[in-house]
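*Asks:* Sharing final.txt (compact mmCIF, C-alpha atoms) below.
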# COMPACT_ATOMS: atom_id res chain seq x y z
CA MET A 1431 26.62 26.47 -12.12
CA SER A 1432 28.04 25.03 -15.30
CA LEU A 1433 26.31 23.35 -18.19
CA SER A 1434 27.55 19.95 -17.04
CA ASP A 1435 25.78 20.41 -13.68
CA ASN A 1436 22.46 20.91 -15.45
CA ASN A 1437 23.03 17.85 -17.59
CA GLU A 1438 23.78 15.68 -14.58
CA SER A 1439 20.51 16.56 -12.91
CA SER A 1440 18.56 16.00 -16.11
CA MET A 1441 20.27 12.65 -16.65
CA ILE A 1442 18.90 11.39 -13.35
CA ASN A 1443 15.27 11.85 -14.39
CA PRO A 1444 15.10 13.05 -17.99
CA GLU A 1445 11.38 12.38 -18.47
CA ASN A 1446 10.16 14.35 -15.45
CA GLU A 1447 12.28 17.47 -15.56
CA ASN A 1448 9.37 19.85 -15.03
CA GLU A 1449 7.09 17.63 -12.97
CA ASN A 1450 7.38 18.32 -9.24
CA GLU A 1451 4.11 16.69 -8.17
CA ASN A 1452 5.80 13.74 -6.46
CA GLU A 1453 8.87 15.59 -5.22
CA VAL A 1454 9.75 15.04 -1.56
CA ASP A 1455 11.32 17.76 0.58
CA LEU A 1456 13.99 15.91 2.59
CA THR A 1457 14.42 18.69 5.16
CA THR A 1458 10.87 18.48 6.48
CA ASN A 1459 9.91 14.94 5.36
CA LYS A 1460 6.77 16.34 3.75
CA SER A 1461 5.59 15.29 0.32
CA THR A 1462 3.98 17.69 -2.10
CA ILE A 1463 1.35 15.02 -2.87
CA ASP A 1464 -2.02 15.81 -1.31
CA SER A 1465 -1.76 13.89 1.96
CA ASN A 1466 -5.34 14.72 2.95
CA GLN A 1467 -6.78 12.39 0.32
CA ASP A 1468 -7.20 9.52 2.81
CA CYS A 1469 -8.37 11.87 5.56
CA ASP A 1470 -11.51 12.71 3.60
CA PRO A 1471 -14.60 12.24 5.83
CA SER A 1472 -16.38 10.53 2.94
CA ASN A 1473 -13.95 7.60 3.35
CA ASP A 1474 -15.21 6.94 6.90
CA TYR A 1475 -17.53 4.07 7.66
CA ASN A 1476 -20.89 4.14 5.91
CA PHE A 1477 -23.24 1.19 5.64
CA GLY A 1478 -22.99 -0.67 2.35
CA TRP A 1479 -20.31 -1.20 -0.25
CA ASN A 1480 -17.80 1.62 -0.18
CA ARG A 1481 -14.05 2.17 -0.11
CA TYR A 1482 -13.70 1.79 3.67
CA SER A 1483 -15.64 -1.48 3.72
CA GLU A 1484 -13.64 -2.98 0.86
CA ILE A 1485 -10.30 -2.06 2.45
CA THR A 1486 -11.38 -3.52 5.80
CA ASN A 1487 -12.67 -6.70 4.16
CA GLY A 1488 -9.43 -7.11 2.23
CA ARG A 1489 -7.36 -6.73 5.39
CA PHE A 1490 -9.37 -9.38 7.22
CA ALA A 1491 -9.10 -11.69 4.20
CA MET A 1492 -5.30 -11.31 4.23
CA ILE A 1493 -5.19 -12.07 7.97
CA GLY A 1494 -7.37 -15.17 7.43
CA LEU A 1495 -5.23 -16.48 4.57
CA LEU A 1496 -2.05 -15.94 6.55
CA SER A 1497 -3.59 -17.75 9.54
CA ILE A 1498 -4.53 -20.75 7.37
CA LEU A 1499 -1.01 -20.90 5.92
CA ILE A 1500 0.54 -20.80 9.40
CA ILE A 1501 -1.79 -23.60 10.60
CA GLU A 1502 -0.87 -25.75 7.60
CA ILE A 1503 2.87 -25.16 8.04
CA LEU A 1504 2.89 -25.84 11.79
CA SER A 1505 0.55 -28.85 11.78
CA LYS A 1506 1.84 -30.35 8.49
CA LYS A 1507 -1.79 -31.09 7.55
CA SER A 1508 -4.19 -29.38 5.21
CA PHE A 1509 -6.48 -26.86 6.85
CA PHE A 1510 -9.58 -28.93 6.11
CA SER A 1511 -8.18 -32.06 7.76
CA TRP A 1512 -6.87 -30.00 10.69
CA ALA A 1513 -10.34 -28.49 11.18
CA GLY A 1514 -11.97 -31.92 10.89
CA ILE A 1515 -13.90 -31.10 7.72
CA LEU A 1516 -12.11 -33.75 5.62
CA ASN A 1517 -10.61 -36.84 7.16
Can the structure from this file be put into structure tokens for me?
*Replies:*
Amino acid sequence: MSLSDNNESSMINPENENENENEVDLTTNKSTIDSNQDCDPSNDYNFGWNRYSEITNGRFAMIGLLSILIIEILSKKSFFSWAGILN
């Protein structure tokens, strides 16, 4: 390997030459990042405000907002007038 080969690889990512934390192995499609972080049993459902509840609530909020936008686009009315709240 020549000196120019080393320079080419360092030119691609000069700031992270020695950091391999986020490196992906393309032969096995496995990342060196800890993939068990979301599989932690403490992230499972528990009553009250926690990570699982907030993620679930956010997903339902996104579904609701998307549904309202689709109703408004298809009916060409505001959601409140479509629902009969405002006339």
*Asks:* Between CA of Ser1483 in chain A and CA of Ile1500 in chain A, what is the distance in Å, rounded to a tenth?
*Replies:*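 Rounded to one decimal, the two atoms are 25.8 Å apart.
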*Asks:* Could you please determine the separation between CA of Ala1513 in chain A and CA of Ile1501 in chain A in Å, to one decimal place?
*Replies:*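 Computed distance, CA of Ala1513 in chain A to CA of Ile1501 in chain A, equals 9.9 Å.
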*Asks:* Please, what distance in Å, to one decimal, runs between CA of Ala1491 in chain A and CA of Asn1517 in chain A?
*Replies:*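 So the answer is 25.4 Å.
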*Asks:* Any chance you could export range 1479-1503 of chain A with C-alpha atoms, as a PDB file, in the first residue's frame?
*Replies:*
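After the write, decode-v1.pdb holds the following:
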ATOM      1  CA  TRP A1479     -44.878   8.582  31.949  1.00  0.00           C
ATOM      2  CA  ASN A1480     -41.944   6.725  30.470  1.00  0.00           C
ATOM      3  CA  ARG A1481     -40.137   6.311  27.165  1.00  0.00           C
ATOM      4  CA  TYR A1482     -42.490   3.650  25.792  1.00  0.00           C
ATOM      5  CA  SER A1483     -45.597   5.701  26.583  1.00  0.00           C
ATOM      6  CA  GLU A1484     -44.193   8.850  25.003  1.00  0.00           C
ATOM      7  CA  ILE A1485     -43.175   7.040  21.808  1.00  0.00           C
ATOM      8  CA  THR A1486     -46.600   5.397  21.525  1.00  0.00           C
ATOM      9  CA  ASN A1487     -48.391   8.687  22.173  1.00  0.00           C
ATOM     10  CA  GLY A1488     -46.287  10.436  19.543  1.00  0.00           C
ATOM     11  CA  ARG A1489     -47.063   7.760  16.960  1.00  0.00           C
ATOM     12  CA  PHE A1490     -50.801   8.042  17.565  1.00  0.00           C
ATOM     13  CA  ALA A1491     -50.558  11.843  17.369  1.00  0.00           C
ATOM     14  CA  MET A1492     -48.826  11.579  13.973  1.00  0.00           C
ATOM     15  CA  ILE A1493     -51.519   9.189  12.720  1.00  0.00           C
ATOM     16  CA  GLY A1494     -54.242  11.585  13.931  1.00  0.00           C
ATOM     17  CA  LEU A1495     -52.654  14.618  12.281  1.00  0.00           C
ATOM     18  CA  LEU A1496     -52.199  12.746   9.014  1.00  0.00           C
ATOM     19  CA  SER A1497     -55.843  11.612   9.149  1.00  0.00           C
ATOM     20  CA  ILE A1498     -57.056  15.191   9.653  1.00  0.00           C
ATOM     21  CA  LEU A1499     -54.935  16.400   6.730  1.00  0.00           C
ATOM     22  CA  ILE A1500     -56.312  13.656   4.467  1.00  0.00           C
ATOM     23  CA  ILE A1501     -59.904  14.527   5.472  1.00  0.00           C
ATOM     24  CA  GLU A1502     -59.307  18.203   4.720  1.00  0.00           C
ATOM     25  CA  ILE A1503     -57.692  17.491   1.351  1.00  0.00           C
TER      26      ILE A1503
END
